[in-house]
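What follows is a set of notes on a single structure, which appears directly below.
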Amino acid sequence: MDTLTKRTIHIAQPSTGEEEWQAVKEPIMSGWLTSGPKVREFERLFAERHNVKHAIAVTSCTTALHLALAALDIKAGDEVLVPAFTWVSTANAVLFCGATPVFVDVDPVTFNIDPKEIKKHITARTKAIIPVHLFGLCADIDAIKAVAPDLHIVEDGACAAGSAYKGTPAGGLGDMGCFSFHPRKSVTTGEGGMVTTNDDKLGEKLQILRNHGASVSEEVRHNGPKPYLLPAFEVMGFNYRMTDLQGAMGVVQLGKLDKFIDERNEWTKYYQRELAEVEWLRTPNAPEGYKHGWQSYPCFVDESKAPHSRNDIMEILQKHGIATRPGTHAVHMLDFYAKKYDIKPEDFPGAQACNDFSMAIPLHNLMTREDYEYVVAVIKTIK
Ligand SMILES: Cc1ncc(COP(=O)(O)O)c(C=O)c1O
């Protein structure tokens, strides 16, 4: 078959199958469906893999972010710094608390928050910063701590399971770390999230807040000496509990995380080598000292050299069966935020450029050598 014979390649595809299917049978057969032994096992393994003391499983990274900010008592009148180029929920989580998200521009080379841009946005009201490890590349935490030593740090590691910065895994780089197990992430539980922390007090608070504010979990109560007594509720909480079906799936998926990342890492080298001659396309890489989790493969289209606009290139690739996506969106350019805070696209030029010119190309663990060769061959035909 010719390398250019048309095939369909998704931007991402979860790698799930028989093992996940067998794993979810256990809670279904036992009848323990909400957070229970499987969630506990997933939390323990996730904490071990990310070298943190506590991991608290929740329903998504969005709820993980909300829970983390709630555990820090972020409230109306507080400001929280967020990168302007990220998924919308990084900023939404701040609004959930009644606080104000304050955008900070990003570096279009790393797609991450630009530490040089942070200081000018810090005020007496600034309580925390949410560095995003976008696409699996950790934000430059040391540089962030140097310019914002007094701020709480909540990592948005939605894309960063398994990533690391100077030898420390994501999730242990700040006060708390938040992760996503949405199917576009390297490992998935359908929907799902995790909050990590090394702080015992925060760990306990997160447990309580995730479960309506109840002083003990259902599992502890049912297995304890007085299962007939309801727990105390001393604070207002949420129902952000992960189900045991998801926990069972998470245990299996987590066991494959490093294999998935290693495979992706190998193919990113292939892309980088093969696409070097495409002068209008900048491919991503992992700077020295970073372990990239490669949740996706975000390129940057240099329209000053490209034969077509970014969007037209995406259309050409789509016609060849190759899915692409903008890396993510510039949140300050979304109607809701642009109107609410009267922000113009050019107020954050780095994020605007990422919004307009980033282009993720397919990278996932179900792709074959022929799939990668096809993507490269088609990109090289674009003239
Ligand atoms: C940077 C970032 N933060 C937060 C989220 C939200 O994750 P979830 O879908 O698990 O709520 C995503 C999802 O894509 C993301 O990319």
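Chain lettering (A, B, ...) mirrors the order of the structure tokens, residue numbering begins at 1 for each chain separately, and ligand numbering begins at 1 in order of display.
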
- Message: List the spatial neighbours of Thr328 in chain A as a ChimeraX atom specification - criterion: any atom at most 10 Å away, only C-alpha atoms, same-chain residues fewer than 2 positions off excluded.
- Response: /A:85-88,111,134-135,298,325-326,330-331,354-356,358-360

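With only C-alpha atoms and all ligand atoms as the atoms that count, the set of residues no farther than 6 Å from ligand 1 is A:Ser60, A:Cys61, A:Thr62, A:Thr86, A:Trp87, A:Ser89, A:Thr90, A:Val132, A:Leu134, A:Asp156, A:Ala158, A:Cys159, A:Ser180, A:Phe181, A:His182, A:Gly192, A:Gly193.
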
Resulting file, chosen residues, N, CA and C atoms, as a short mmCIF file (atom, residue, chain, number, x, y, z; two decimals), in the first residue's frame:
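Writing done, so here's result26.cif:
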```cif
data_model
loop_
_atom_site.label_atom_id
_atom_site.label_comp_id
_atom_site.auth_asym_id
_atom_site.auth_seq_id
_atom_site.Cartn_x
_atom_site.Cartn_y
_atom_site.Cartn_z
N SER A 60 -13.93 14.78 37.99
CA SER A 60 -13.29 15.37 36.80
C SER A 60 -12.15 16.28 37.29
N CYS A 61 -11.38 16.78 36.35
CA CYS A 61 -10.36 17.76 36.75
C CYS A 61 -11.01 19.08 37.10
N THR A 62 -12.14 19.37 36.46
CA THR A 62 -12.85 20.61 36.77
C THR A 62 -13.28 20.62 38.23
N THR A 86 -5.64 28.02 28.08
CA THR A 86 -5.87 26.77 28.83
C THR A 86 -7.30 26.34 28.53
N TRP A 87 -7.70 25.19 29.06
CA TRP A 87 -9.11 24.83 28.92
C TRP A 87 -9.93 25.73 29.84
N SER A 89 -12.14 25.47 31.97
CA SER A 89 -12.48 25.16 33.36
C SER A 89 -11.43 25.61 34.36
N THR A 90 -10.19 25.87 33.92
CA THR A 90 -9.19 26.41 34.86
C THR A 90 -9.71 27.73 35.43
N VAL A 132 -0.73 25.72 34.66
CA VAL A 132 -1.26 24.58 33.91
C VAL A 132 -0.08 23.87 33.25
N LEU A 134 0.36 22.28 30.43
CA LEU A 134 -0.46 22.06 29.24
C LEU A 134 0.11 20.96 28.33
N ASP A 156 -2.68 22.70 37.63
CA ASP A 156 -3.67 22.09 36.73
C ASP A 156 -2.88 21.10 35.87
N ALA A 158 -4.23 18.53 34.39
CA ALA A 158 -5.24 17.74 33.67
C ALA A 158 -4.58 16.81 32.65
N CYS A 159 -3.55 17.32 31.97
CA CYS A 159 -2.90 16.56 30.88
C CYS A 159 -1.60 15.92 31.34
N SER A 180 -6.92 14.96 35.21
CA SER A 180 -8.14 14.56 34.49
C SER A 180 -7.99 13.16 33.92
N PHE A 181 -9.10 12.41 33.93
CA PHE A 181 -9.12 11.09 33.29
C PHE A 181 -10.19 11.05 32.20
N HIS A 182 -10.40 12.19 31.56
CA HIS A 182 -11.28 12.27 30.39
C HIS A 182 -10.66 11.43 29.27
N GLY A 192 -13.46 11.68 35.10
CA GLY A 192 -12.81 11.43 36.39
C GLY A 192 -11.68 12.39 36.62
N GLY A 193 -11.30 12.51 37.89
CA GLY A 193 -10.21 13.42 38.23
C GLY A 193 -9.56 13.01 39.54
#
```

- Query: Near Lys344 in chain A, within 8 Å and counting only C-alpha atoms, which residues show up once chain neighbours fewer than 6 positions away are dropped, as a VMD selection string?
  - Reply: chain A and resid 332 to 333 338

Write to file, as a CSV table (one decimal), in the first residue's frame, the residues of the selection just made, with C-alpha atoms.
```
chain,number,residue,atom,x,y,z
A,332,HIS,CA,-9.8,35.5,27.5
A,333,MET,CA,-11.1,35.4,23.9
A,338,ALA,CA,-14.2,38.7,26.9
```

- Among range 102-219 of chain A, which residues carry a DSSP assignment of helix (DSSP H, G or I), reported as JSON, numbers by chain? {"A": [115, 116, 117, 119, 120, 121, 134, 135, 136, 141, 142, 143, 144, 145, 146, 147, 200, 201, 202, 203, 204, 205, 206, 207, 208, 209, 210, 218, 219]}

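The shortest atom-to-atom distance to Ala70 in chain A, with only C-alpha atoms taken into account, belongs to A:Phe238 out of A:Trp21, A:Phe300, A:Phe238, A:Phe348.
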